[in-house]
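File shown: upload-v1.pdb (PDB, C-alpha atoms, pLDDT in the B column).
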```pdb
MODEL        1
ATOM      1  CA  MET A   1      55.629 115.963  79.437  1.00 51.00           C
ATOM      2  CA  ASP A   2      52.230 116.867  78.059  1.00 57.00           C
ATOM      3  CA  PRO A   3      51.876 114.846  74.810  1.00 52.00           C
ATOM      4  CA  SER A   4      50.313 117.877  73.130  1.00 52.00           C
ATOM      5  CA  MET A   5      53.577 119.769  73.675  1.00 56.00           C
ATOM      6  CA  ALA A   6      55.780 117.094  72.077  1.00 52.00           C
ATOM      7  CA  ASP A   7      55.568 118.594  68.587  1.00 54.00           C
ATOM      8  CA  LEU A   8      56.358 122.095  69.865  1.00 56.00           C
ATOM      9  CA  ASN A   9      59.567 120.851  71.485  1.00 62.00           C
ATOM     10  CA  SER A  10      60.740 118.897  68.429  1.00 61.00           C
ATOM     11  CA  PRO A  11      63.744 120.181  66.457  1.00 59.00           C
ATOM     12  CA  HIS A  12      62.895 122.539  63.625  1.00 60.00           C
ATOM     13  CA  SER A  13      62.900 120.653  60.328  1.00 61.00           C
ATOM     14  CA  MET A  14      62.315 122.084  56.905  1.00 58.00           C
ATOM     15  CA  GLY A  15      60.653 118.981  55.444  1.00 71.00           C
ATOM     16  CA  THR A  16      60.994 120.748  52.182  1.00 87.00           C
ATOM     17  CA  THR A  17      61.205 120.631  48.432  1.00 95.00           C
ATOM     18  CA  ILE A  18      64.344 122.196  46.946  1.00 97.00           C
ATOM     19  CA  ILE A  19      65.316 122.275  43.273  1.00 97.00           C
ATOM     20  CA  GLY A  20      68.245 123.490  41.192  1.00 98.00           C
ATOM     21  CA  VAL A  21      68.093 123.585  37.384  1.00 97.00           C
ATOM     22  CA  THR A  22      70.617 124.699  34.766  1.00 97.00           C
ATOM     23  CA  TYR A  23      69.434 126.451  31.626  1.00 97.00           C
ATOM     24  CA  ASP A  24      71.082 128.001  28.591  1.00 94.00           C
ATOM     25  CA  GLY A  25      72.862 130.899  30.306  1.00 95.00           C
ATOM     26  CA  GLY A  26      72.617 130.263  34.018  1.00 97.00           C
ATOM     27  CA  VAL A  27      70.831 128.424  36.818  1.00 98.00           C
ATOM     28  CA  ILE A  28      67.507 128.649  38.638  1.00 98.00           C
ATOM     29  CA  LEU A  29      67.009 127.581  42.252  1.00 98.00           C
ATOM     30  CA  GLY A  30      63.567 127.024  43.764  1.00 97.00           C
ATOM     31  CA  ALA A  31      62.055 126.023  47.098  1.00 97.00           C
ATOM     32  CA  ASP A  32      58.847 125.965  49.094  1.00 95.00           C
ATOM     33  CA  SER A  33      58.609 127.848  52.393  1.00 94.00           C
ATOM     34  CA  ARG A  34      57.242 125.513  55.103  1.00 91.00           C
ATOM     35  CA  THR A  35      59.289 124.919  58.265  1.00 88.00           C
ATOM     36  CA  SER A  36      57.929 122.228  60.600  1.00 84.00           C
ATOM     37  CA  THR A  37      58.330 121.319  64.257  1.00 82.00           C
ATOM     38  CA  GLY A  38      56.937 117.808  64.365  1.00 77.00           C
ATOM     39  CA  MET A  39      53.375 118.150  63.031  1.00 80.00           C
ATOM     40  CA  TYR A  40      53.290 121.875  63.833  1.00 84.00           C
ATOM     41  CA  VAL A  41      54.091 124.429  61.103  1.00 84.00           C
ATOM     42  CA  ALA A  42      56.575 126.736  62.815  1.00 86.00           C
ATOM     43  CA  ASN A  43      57.040 129.074  59.843  1.00 89.00           C
ATOM     44  CA  ARG A  44      54.906 129.084  56.705  1.00 89.00           C
ATOM     45  CA  ALA A  45      56.989 131.650  54.783  1.00 91.00           C
ATOM     46  CA  SER A  46      60.638 130.836  55.513  1.00 92.00           C
ATOM     47  CA  ASP A  47      63.368 131.497  52.944  1.00 95.00           C
ATOM     48  CA  LYS A  48      65.273 128.289  52.174  1.00 96.00           C
ATOM     49  CA  ILE A  49      67.505 129.792  49.461  1.00 98.00           C
ATOM     50  CA  THR A  50      70.497 131.365  51.180  1.00 97.00           C
ATOM     51  CA  LYS A  51      73.081 133.695  49.663  1.00 97.00           C
ATOM     52  CA  LEU A  52      76.697 132.508  49.985  1.00 98.00           C
ATOM     53  CA  THR A  53      78.319 135.073  47.671  1.00 97.00           C
ATOM     54  CA  ASP A  54      77.041 137.511  45.053  1.00 95.00           C
ATOM     55  CA  ASN A  55      77.062 134.729  42.462  1.00 95.00           C
ATOM     56  CA  VAL A  56      76.423 131.546  44.503  1.00 98.00           C
ATOM     57  CA  TYR A  57      73.325 130.530  46.465  1.00 98.00           C
ATOM     58  CA  LEU A  58      72.432 127.507  48.614  1.00 98.00           C
ATOM     59  CA  CYS A  59      69.130 125.578  48.884  1.00 97.00           C
ATOM     60  CA  ARG A  60      68.658 124.081  52.346  1.00 96.00           C
ATOM     61  CA  SER A  61      66.699 121.007  53.486  1.00 94.00           C
ATOM     62  CA  GLY A  62      66.605 118.808  56.574  1.00 91.00           C
ATOM     63  CA  SER A  63      67.388 120.257  60.001  1.00 91.00           C
ATOM     64  CA  ALA A  64      66.985 124.039  59.875  1.00 90.00           C
ATOM     65  CA  ALA A  65      69.689 124.590  62.508  1.00 91.00           C
ATOM     66  CA  ASP A  66      72.203 122.309  60.754  1.00 95.00           C
ATOM     67  CA  SER A  67      71.700 123.851  57.327  1.00 95.00           C
ATOM     68  CA  GLN A  68      71.928 127.381  58.717  1.00 95.00           C
ATOM     69  CA  ILE A  69      75.206 126.759  60.535  1.00 96.00           C
ATOM     70  CA  VAL A  70      76.741 125.129  57.440  1.00 97.00           C
ATOM     71  CA  SER A  71      75.736 128.114  55.304  1.00 97.00           C
ATOM     72  CA  ASP A  72      77.133 130.545  57.907  1.00 97.00           C
ATOM     73  CA  TYR A  73      80.517 128.799  57.980  1.00 97.00           C
ATOM     74  CA  VAL A  74      80.721 128.533  54.190  1.00 97.00           C
ATOM     75  CA  ARG A  75      79.792 132.198  53.751  1.00 97.00           C
ATOM     76  CA  TYR A  76      82.576 133.184  56.180  1.00 97.00           C
ATOM     77  CA  TYR A  77      85.214 131.048  54.440  1.00 97.00           C
ATOM     78  CA  LEU A  78      84.179 132.282  50.993  1.00 97.00           C
ATOM     79  CA  HIS A  79      84.464 135.876  52.185  1.00 96.00           C
ATOM     80  CA  GLN A  80      88.055 135.215  53.306  1.00 96.00           C
ATOM     81  CA  HIS A  81      88.738 133.409  50.021  1.00 95.00           C
ATOM     82  CA  THR A  82      87.503 136.417  48.009  1.00 94.00           C
ATOM     83  CA  ILE A  83      89.642 138.858  50.010  1.00 95.00           C
ATOM     84  CA  ARG A  84      92.787 136.780  49.481  1.00 95.00           C
ATOM     85  CA  LEU A  85      92.294 136.181  45.753  1.00 93.00           C
ATOM     86  CA  GLY A  86      90.745 139.533  44.931  1.00 92.00           C
ATOM     87  CA  GLN A  87      87.931 137.940  42.910  1.00 92.00           C
ATOM     88  CA  PRO A  88      84.709 136.026  43.608  1.00 92.00           C
ATOM     89  CA  ALA A  89      84.924 132.318  44.353  1.00 95.00           C
ATOM     90  CA  THR A  90      83.736 129.924  41.658  1.00 97.00           C
ATOM     91  CA  VAL A  91      80.642 127.782  42.147  1.00 98.00           C
ATOM     92  CA  LYS A  92      82.859 124.689  42.332  1.00 97.00           C
ATOM     93  CA  VAL A  93      84.916 126.154  45.196  1.00 97.00           C
ATOM     94  CA  ALA A  94      81.747 127.031  47.125  1.00 97.00           C
ATOM     95  CA  ALA A  95      80.270 123.574  46.553  1.00 98.00           C
ATOM     96  CA  ASN A  96      83.450 121.860  47.717  1.00 97.00           C
ATOM     97  CA  LEU A  97      83.470 123.906  50.913  1.00 97.00           C
ATOM     98  CA  VAL A  98      79.878 122.796  51.564  1.00 97.00           C
ATOM     99  CA  ARG A  99      80.941 119.211  50.830  1.00 97.00           C
ATOM    100  CA  LEU A 100      83.967 119.435  53.136  1.00 97.00           C
ATOM    101  CA  ILE A 101      81.989 120.688  56.131  1.00 97.00           C
ATOM    102  CA  SER A 102      79.127 118.239  55.497  1.00 97.00           C
ATOM    103  CA  TYR A 103      81.451 115.244  55.154  1.00 97.00           C
ATOM    104  CA  ASN A 104      83.669 116.068  58.146  1.00 96.00           C
ATOM    105  CA  ASN A 105      80.571 116.418  60.347  1.00 96.00           C
ATOM    106  CA  LYS A 106      78.406 113.745  58.725  1.00 94.00           C
ATOM    107  CA  ASN A 107      77.712 111.984  62.029  1.00 95.00           C
ATOM    108  CA  MET A 108      76.185 115.160  63.493  1.00 94.00           C
ATOM    109  CA  LEU A 109      74.507 116.907  60.564  1.00 94.00           C
ATOM    110  CA  GLN A 110      71.093 116.067  59.143  1.00 92.00           C
ATOM    111  CA  THR A 111      70.875 118.293  56.121  1.00 94.00           C
ATOM    112  CA  GLY A 112      70.777 117.928  52.346  1.00 95.00           C
ATOM    113  CA  LEU A 113      71.937 120.889  50.264  1.00 97.00           C
ATOM    114  CA  ILE A 114      71.984 122.122  46.668  1.00 98.00           C
ATOM    115  CA  VAL A 115      74.594 124.669  45.578  1.00 98.00           C
ATOM    116  CA  GLY A 116      73.921 126.705  42.454  1.00 98.00           C
ATOM    117  CA  GLY A 117      75.504 129.723  40.826  1.00 98.00           C
ATOM    118  CA  TRP A 118      77.293 131.274  37.865  1.00 98.00           C
ATOM    119  CA  ASP A 119      80.941 132.210  37.360  1.00 97.00           C
ATOM    120  CA  LYS A 120      82.938 133.510  34.401  1.00 95.00           C
ATOM    121  CA  TYR A 121      85.005 130.335  34.103  1.00 96.00           C
ATOM    122  CA  ASN A 122      82.359 127.603  33.973  1.00 96.00           C
ATOM    123  CA  GLY A 123      79.030 129.408  33.576  1.00 96.00           C
ATOM    124  CA  GLY A 124      76.007 128.110  35.440  1.00 97.00           C
ATOM    125  CA  LYS A 125      76.572 125.041  37.643  1.00 98.00           C
ATOM    126  CA  ILE A 126      74.465 122.952  40.020  1.00 98.00           C
ATOM    127  CA  TYR A 127      75.953 120.683  42.707  1.00 98.00           C
ATOM    128  CA  GLY A 128      74.009 118.367  44.990  1.00 97.00           C
ATOM    129  CA  VAL A 129      75.409 117.666  48.484  1.00 97.00           C
ATOM    130  CA  PRO A 130      73.072 115.093  50.101  1.00 95.00           C
ATOM    131  CA  LEU A 131      73.309 113.563  53.592  1.00 92.00           C
ATOM    132  CA  GLY A 132      76.816 112.241  54.238  1.00 92.00           C
ATOM    133  CA  GLY A 133      78.722 114.881  52.279  1.00 94.00           C
ATOM    134  CA  THR A 134      78.882 113.425  48.770  1.00 95.00           C
ATOM    135  CA  ILE A 135      79.178 116.028  46.004  1.00 97.00           C
ATOM    136  CA  ILE A 136      77.526 115.473  42.621  1.00 96.00           C
ATOM    137  CA  GLU A 137      77.550 117.887  39.690  1.00 97.00           C
ATOM    138  CA  GLN A 138      74.243 117.608  37.837  1.00 95.00           C
ATOM    139  CA  PRO A 139      72.265 119.501  35.186  1.00 96.00           C
ATOM    140  CA  PHE A 140      69.439 119.510  37.732  1.00 96.00           C
ATOM    141  CA  ALA A 141      69.142 118.466  41.364  1.00 97.00           C
ATOM    142  CA  ILE A 142      66.137 117.910  43.640  1.00 96.00           C
ATOM    143  CA  GLY A 143      66.099 117.369  47.382  1.00 95.00           C
ATOM    144  CA  GLY A 144      63.999 117.300  50.526  1.00 92.00           C
ATOM    145  CA  SER A 145      61.017 115.129  51.430  1.00 90.00           C
ATOM    146  CA  GLY A 146      59.022 116.431  48.466  1.00 92.00           C
ATOM    147  CA  SER A 147      61.644 115.265  45.970  1.00 93.00           C
ATOM    148  CA  THR A 148      60.396 111.665  46.105  1.00 91.00           C
ATOM    149  CA  TYR A 149      57.303 112.784  44.176  1.00 93.00           C
ATOM    150  CA  LEU A 150      59.324 114.520  41.450  1.00 95.00           C
ATOM    151  CA  TYR A 151      61.846 112.053  40.000  1.00 93.00           C
ATOM    152  CA  GLY A 152      59.466 110.712  37.352  1.00 93.00           C
ATOM    153  CA  PHE A 153      58.257 114.232  36.568  1.00 94.00           C
ATOM    154  CA  PHE A 154      61.803 115.434  35.909  1.00 95.00           C
ATOM    155  CA  ASP A 155      62.621 112.348  33.849  1.00 92.00           C
ATOM    156  CA  GLN A 156      59.776 113.344  31.548  1.00 93.00           C
ATOM    157  CA  GLU A 157      59.957 117.156  31.589  1.00 94.00           C
ATOM    158  CA  TRP A 158      63.671 117.927  31.827  1.00 92.00           C
ATOM    159  CA  LYS A 159      65.448 118.862  28.599  1.00 93.00           C
ATOM    160  CA  ASP A 160      68.851 120.290  27.834  1.00 93.00           C
ATOM    161  CA  GLY A 161      69.179 123.867  26.539  1.00 92.00           C
ATOM    162  CA  MET A 162      66.009 125.285  28.096  1.00 96.00           C
ATOM    163  CA  THR A 163      65.416 129.027  28.049  1.00 96.00           C
ATOM    164  CA  LYS A 164      65.233 130.996  31.287  1.00 97.00           C
ATOM    165  CA  ASP A 165      61.423 131.195  31.167  1.00 97.00           C
ATOM    166  CA  GLU A 166      61.063 127.477  30.422  1.00 97.00           C
ATOM    167  CA  ALA A 167      63.365 126.560  33.307  1.00 97.00           C
ATOM    168  CA  GLU A 168      61.595 128.803  35.794  1.00 97.00           C
ATOM    169  CA  LYS A 169      58.172 127.460  34.783  1.00 96.00           C
ATOM    170  CA  LEU A 170      59.523 123.932  35.283  1.00 97.00           C
ATOM    171  CA  VAL A 171      60.810 124.777  38.782  1.00 97.00           C
ATOM    172  CA  VAL A 172      57.573 126.465  39.891  1.00 96.00           C
ATOM    173  CA  LYS A 173      55.452 123.630  38.496  1.00 94.00           C
ATOM    174  CA  ALA A 174      57.627 120.998  40.196  1.00 95.00           C
ATOM    175  CA  VAL A 175      57.513 122.690  43.614  1.00 95.00           C
ATOM    176  CA  SER A 176      53.729 123.147  43.360  1.00 94.00           C
ATOM    177  CA  LEU A 177      53.343 119.433  42.521  1.00 92.00           C
ATOM    178  CA  ALA A 178      55.403 118.492  45.580  1.00 92.00           C
ATOM    179  CA  ILE A 179      53.363 120.835  47.774  1.00 91.00           C
ATOM    180  CA  ALA A 180      50.194 119.076  46.582  1.00 89.00           C
ATOM    181  CA  ARG A 181      51.447 115.623  47.621  1.00 87.00           C
ATOM    182  CA  ASN A 182      53.918 116.220  50.459  1.00 87.00           C
ATOM    183  CA  GLY A 183      52.604 117.378  53.818  1.00 84.00           C
ATOM    184  CA  ALA A 184      56.002 118.721  54.871  1.00 86.00           C
ATOM    185  CA  SER A 185      56.119 121.093  51.879  1.00 90.00           C
ATOM    186  CA  GLY A 186      53.869 124.116  51.564  1.00 89.00           C
ATOM    187  CA  GLY A 187      53.474 127.865  51.676  1.00 90.00           C
ATOM    188  CA  VAL A 188      54.855 129.935  48.824  1.00 94.00           C
ATOM    189  CA  VAL A 189      57.389 129.251  46.081  1.00 96.00           C
ATOM    190  CA  ARG A 190      60.599 131.282  45.879  1.00 97.00           C
ATOM    191  CA  THR A 191      62.989 131.203  42.930  1.00 98.00           C
ATOM    192  CA  VAL A 192      66.450 132.666  42.393  1.00 98.00           C
ATOM    193  CA  ILE A 193      67.792 133.188  38.862  1.00 98.00           C
ATOM    194  CA  ILE A 194      71.583 133.499  38.583  1.00 98.00           C
ATOM    195  CA  ASN A 195      73.378 134.359  35.339  1.00 97.00           C
ATOM    196  CA  SER A 196      75.982 136.723  33.866  1.00 96.00           C
ATOM    197  CA  GLU A 197      73.666 139.690  34.456  1.00 96.00           C
ATOM    198  CA  GLY A 198      73.367 139.064  38.199  1.00 96.00           C
ATOM    199  CA  VAL A 199      70.695 137.641  40.484  1.00 97.00           C
ATOM    200  CA  THR A 200      66.902 137.930  40.269  1.00 98.00           C
ATOM    201  CA  ARG A 201      64.586 136.777  43.049  1.00 97.00           C
ATOM    202  CA  ASN A 202      60.949 135.916  42.309  1.00 97.00           C
ATOM    203  CA  PHE A 203      58.063 135.145  44.648  1.00 96.00           C
ATOM    204  CA  TYR A 204      54.953 133.080  43.886  1.00 95.00           C
ATOM    205  CA  PRO A 205      52.243 133.187  46.600  1.00 93.00           C
ATOM    206  CA  GLY A 206      50.351 130.016  47.400  1.00 85.00           C
ATOM    207  CA  ASP A 207      47.074 131.221  45.888  1.00 84.00           C
ATOM    208  CA  ALA A 208      48.832 131.864  42.553  1.00 83.00           C
ATOM    209  CA  LEU A 209      50.108 128.286  42.205  1.00 85.00           C
ATOM    210  CA  PRO A 210      48.304 125.760  39.993  1.00 78.00           C
ATOM    211  CA  LEU A 211      45.905 123.356  41.729  1.00 78.00           C
ATOM    212  CA  TRP A 212      46.415 119.625  41.214  1.00 79.00           C
ATOM    213  CA  HIS A 213      44.277 116.553  41.814  1.00 71.00           C
ATOM    214  CA  GLU A 214      41.960 116.845  44.863  1.00 66.00           C
ATOM    215  CA  GLU A 215      43.525 120.107  46.079  1.00 65.00           C
ATOM    216  CA  LEU A 216      41.149 122.626  47.668  1.00 64.00           C
ATOM    217  CA  GLU A 217      40.741 126.179  46.416  1.00 70.00           C
ATOM    218  CA  PRO A 218      42.594 128.777  48.549  1.00 67.00           C
ATOM    219  CA  GLN A 219      40.453 130.133  51.406  1.00 67.00           C
ATOM    220  CA  ASN A 220      40.873 133.164  53.657  1.00 69.00           C
ATOM    221  CA  SER A 221      40.038 131.153  56.770  1.00 67.00           C
ATOM    222  CA  LEU A 222      38.758 127.817  58.025  1.00 64.00           C
ATOM    223  CA  LEU A 223      35.331 129.427  58.461  1.00 68.00           C
ATOM    224  CA  ASP A 224      35.047 129.834  54.684  1.00 65.00           C
ATOM    225  CA  ILE A 225      35.541 126.093  54.209  1.00 60.00           C
ATOM    226  CA  LEU A 226      33.060 125.216  56.957  1.00 67.00           C
ATOM    227  CA  SER A 227      30.410 127.615  55.646  1.00 68.00           C
ATOM    228  CA  SER A 228      30.694 126.287  52.098  1.00 60.00           C
ATOM    229  CA  SER A 229      30.381 122.667  53.271  1.00 57.00           C
ATOM    230  CA  SER A 230      27.412 123.427  55.565  1.00 55.00           C
ATOM    231  CA  SER A 231      25.501 125.158  52.768  1.00 50.00           C
ATOM    232  CA  SER A 232      24.789 121.833  51.058  1.00 47.00           C
ATOM    233  CA  GLU A 233      21.349 120.272  51.426  1.00 52.00           C
ATOM    234  CA  PRO A 234      21.003 118.030  54.514  1.00 48.00           C
ATOM    235  CA  MET A 235      20.577 114.297  53.986  1.00 45.00           C
ATOM    236  CA  VAL A 236      17.008 113.023  54.391  1.00 49.00           C
ATOM    237  CA  SER A 237      16.556 109.490  55.705  1.00 47.00           C
TER
ENDMDL
END
```
Starting from the file, lay out its structure as structure tokens.
Amino acid sequence: MDPSMADLNSPHSMGTTIIGVTYDGGVILGADSRTSTGMYVANRASDKITKLTDNVYLCRSGSAADSQIVSDYVRYYLHQHTIRLGQPATVKVAANLVRLISYNNKNMLQTGLIVGGWDKYNGGKIYGVPLGGTIIEQPFAIGGSGSTYLYGFFDQEWKDGMTKDEAEKLVVKAVSLAIARNGASGGVVRTVIINSEGVTRNFYPGDALPLWHEELEPQNSLLDILSSSSSSEPMVS
């Protein structure tokens, strides 16, 4: 095989930074949008926040194929559950279905997931389901390769009882920080706000995100970067 083709034939992996945060009244989920195939960016604007029901969403990381098939199965089972009970499934039920499928297939799946949503019984809830199928209820959860850069940030910035605007600003800032440091995270930032009023999706393009240490200004093309660097005075020996 041509070595240059090795990356193109690698499994699709989302590298990823995914985040779920509770606030006073609901939850906010956030993610970047870069999907990688080895060192090649296969999709720079993928949507990693998947709808399971009207009130529950899933953040996906790891193998794109594995996370998609888990979300498809869970969505199917939750649909049957809703028909039988005549009411939407709770966030806890959805999270336990994700946990059940992940645990029973832990030797074959390479995906870490965050389940977030709102229901009339328990309000806004976040559940982390990392590799292996453990389920952990948390006030906030972070996952993906970019999460390793964010634990200290969340230890400092997280606070209980945040407003919706404060929580969304925290999520967008955290994802942009991970994008700055993690090569497998990039693109745009998507957020999903879930509360008693319904679901709101927001989109933050890459050129609207804050720049951090040593990050370059957004450019329209590589030629812009080359032209700006070549405009400097030549060195004289």
Would you write out, as JSON lines, a table of all residues in stretch 76-180 of chain A that have an atom no more than 10 Å from an atom of stretch 47-69 of chain A, listing for each the closest atom pair and the distance in Å to one decimal, considering all atoms listed in the file and ordering rows by chain and rising residue number?
```
{"residue": "A:Tyr76", "atom": "CA", "partner": "A:Leu52", "partner_atom": "CA", "distance": 8.6}
{"residue": "A:Tyr77", "atom": "CA", "partner": "A:Leu52", "partner_atom": "CA", "distance": 9.7}
{"residue": "A:Leu78", "atom": "CA", "partner": "A:Thr53", "partner_atom": "CA", "distance": 7.3}
{"residue": "A:His79", "atom": "CA", "partner": "A:Thr53", "partner_atom": "CA", "distance": 7.7}
{"residue": "A:Thr82", "atom": "CA", "partner": "A:Thr53", "partner_atom": "CA", "distance": 9.3}
{"residue": "A:Pro88", "atom": "CA", "partner": "A:Thr53", "partner_atom": "CA", "distance": 7.6}
{"residue": "A:Ala89", "atom": "CA", "partner": "A:Thr53", "partner_atom": "CA", "distance": 7.9}
{"residue": "A:Thr90", "atom": "CA", "partner": "A:Val56", "partner_atom": "CA", "distance": 8.0}
{"residue": "A:Val91", "atom": "CA", "partner": "A:Val56", "partner_atom": "CA", "distance": 6.1}
{"residue": "A:Lys92", "atom": "CA", "partner": "A:Val56", "partner_atom": "CA", "distance": 9.7}
{"residue": "A:Ala94", "atom": "CA", "partner": "A:Val56", "partner_atom": "CA", "distance": 7.5}
{"residue": "A:Ala95", "atom": "CA", "partner": "A:Leu58", "partner_atom": "CA", "distance": 9.0}
{"residue": "A:Val98", "atom": "CA", "partner": "A:Leu58", "partner_atom": "CA", "distance": 9.3}
{"residue": "A:Ser102", "atom": "CA", "partner": "A:Ser67", "partner_atom": "CA", "distance": 9.5}
{"residue": "A:Met108", "atom": "CA", "partner": "A:Asp66", "partner_atom": "CA", "distance": 8.6}
{"residue": "A:Leu109", "atom": "CA", "partner": "A:Asp66", "partner_atom": "CA", "distance": 5.9}
{"residue": "A:Gln110", "atom": "CA", "partner": "A:Ser63", "partner_atom": "CA", "distance": 5.7}
{"residue": "A:Thr111", "atom": "CA", "partner": "A:Gly62", "partner_atom": "CA", "distance": 4.3}
{"residue": "A:Gly112", "atom": "CA", "partner": "A:Ser61", "partner_atom": "CA", "distance": 5.2}
{"residue": "A:Leu113", "atom": "CA", "partner": "A:Arg60", "partner_atom": "CA", "distance": 5.0}
{"residue": "A:Ile114", "atom": "CA", "partner": "A:Cys59", "partner_atom": "CA", "distance": 5.0}
{"residue": "A:Val115", "atom": "CA", "partner": "A:Leu58", "partner_atom": "CA", "distance": 4.7}
{"residue": "A:Gly116", "atom": "CA", "partner": "A:Tyr57", "partner_atom": "CA", "distance": 5.6}
{"residue": "A:Gly117", "atom": "CA", "partner": "A:Val56", "partner_atom": "CA", "distance": 4.2}
{"residue": "A:Trp118", "atom": "CA", "partner": "A:Asn55", "partner_atom": "CA", "distance": 5.8}
{"residue": "A:Asp119", "atom": "CA", "partner": "A:Asn55", "partner_atom": "CA", "distance": 6.9}
{"residue": "A:Gly124", "atom": "CA", "partner": "A:Val56", "partner_atom": "CA", "distance": 9.7}
{"residue": "A:Lys125", "atom": "CA", "partner": "A:Val56", "partner_atom": "CA", "distance": 9.5}
{"residue": "A:Ile126", "atom": "CA", "partner": "A:Val56", "partner_atom": "CA", "distance": 9.9}
{"residue": "A:Tyr127", "atom": "CA", "partner": "A:Leu58", "partner_atom": "CA", "distance": 9.7}
{"residue": "A:Gly128", "atom": "CA", "partner": "A:Cys59", "partner_atom": "CA", "distance": 9.5}
{"residue": "A:Pro130", "atom": "CA", "partner": "A:Ser61", "partner_atom": "CA", "distance": 9.3}
{"residue": "A:Leu131", "atom": "CA", "partner": "A:Gly62", "partner_atom": "CA", "distance": 9.0}
{"residue": "A:Ile142", "atom": "CA", "partner": "A:Cys59", "partner_atom": "CA", "distance": 9.8}
{"residue": "A:Gly143", "atom": "CA", "partner": "A:Ser61", "partner_atom": "CA", "distance": 7.1}
{"residue": "A:Gly144", "atom": "CA", "partner": "A:Ser61", "partner_atom": "CA", "distance": 5.5}
{"residue": "A:Ser145", "atom": "CA", "partner": "A:Ser61", "partner_atom": "CA", "distance": 8.4}
```
Is it possible to get the axis-aligned box enclosing stretch 189-207 of chain A (all listed atoms, 4 Å extra per side) as JSON, with centre and edge lengths in Å rounded to one decimal?
```
{"center_x": 61.5, "center_y": 134.5, "center_z": 40.6, "size_x": 36.9, "size_y": 18.4, "size_z": 21.5}
```
Between A:Gly30, A:Gly15, A:Gly133, A:Arg44, which has the minimum distance to A:Ser176 (counting only C-alpha atoms)?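 For A:Ser176, the nearest of the given residues is A:Gly30.
Among the candidates A:Trp158, A:Tyr40, A:Phe153, A:Tyr103, the residue lying nearest to A:Phe140 is A:Trp158 (atoms considered: all atoms listed in the file).
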Any idea what the distance is between atom CA of A:Pro205 and atom CA of A:Gly38? 24.0 Å
Using only C-alpha atoms, the residue out of A:Leu209, A:Val27, A:Ile83, A:Ile135 with shortest distance to A:Gly123 is A:Val27
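Matched in the shown structure by the PyMOL selection byres ((chain A and resi 148) around 12): Gly15, Thr16, Thr17, Ile18, Ile142, Gly143, Gly144, Ser145, Gly146, Ser147, Tyr149, Leu150, Tyr151, Gly152, Phe153, Phe154, Ala174, Val175, Leu177, Ala178, Ile179, Arg181, Asn182 and Ser185 of chain A.
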What is the atom CA of A:Thr22 to atom CA of A:Val189 distance in Å?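 Computed distance, atom CA of A:Thr22 to atom CA of A:Val189, equals 18.0 Å.
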Apply the PyMOL selection byres ((chain A and resi 195) around 6) to the structure shown and report the selected residues as a list in words.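 Applied to this file, the PyMOL selection byres ((chain A and resi 195) around 6) selects Gly26, Trp118, Ile194, Ser196, Glu197 and Gly198 of chain A.
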I need every residue sitting at most 7 Å from the point (68.5, 121.2, 31.8) (coordinates as in the file, all atoms listed in the file considered), written as a PDB file with C-alpha atoms, keeping the file's coordinate frame.
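The new file out17.pdb reads:
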```pdb
ATOM      1  CA  VAL A  21      68.093 123.585  37.384  1.00 97.00           C
ATOM      2  CA  THR A  22      70.617 124.699  34.766  1.00 97.00           C
ATOM      3  CA  TYR A  23      69.434 126.451  31.626  1.00 97.00           C
ATOM      4  CA  PRO A 139      72.265 119.501  35.186  1.00 96.00           C
ATOM      5  CA  PHE A 140      69.439 119.510  37.732  1.00 96.00           C
ATOM      6  CA  TRP A 158      63.671 117.927  31.827  1.00 92.00           C
ATOM      7  CA  LYS A 159      65.448 118.862  28.599  1.00 93.00           C
ATOM      8  CA  ASP A 160      68.851 120.290  27.834  1.00 93.00           C
ATOM      9  CA  GLY A 161      69.179 123.867  26.539  1.00 92.00           C
ATOM     10  CA  MET A 162      66.009 125.285  28.096  1.00 96.00           C
TER      11      MET A 162
END
```
Closest to A:Arg201 among A:Leu29, A:Ala141, A:Ile19, A:Val70, using only C-alpha atoms? A:Leu29
Find the distance between atom CA of A:Gly20 and atom CA of A:Ser36 and write it in Å to one decimal.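 So the answer is 22.0 Å.
Ranking A:Thr200, A:Gln156, A:Asn104, A:Arg99 by their shortest atom-to-atom distance to A:Val129, with all atoms listed in the file included, puts A:Arg99 first.
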Distance criterion (all atoms listed in the file): nearest to A:Thr163 out of A:Tyr204, A:Gly25, A:Gly86, A:Ala184: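 Ranked by minimum distance to A:Thr163, first place goes to A:Gly25.
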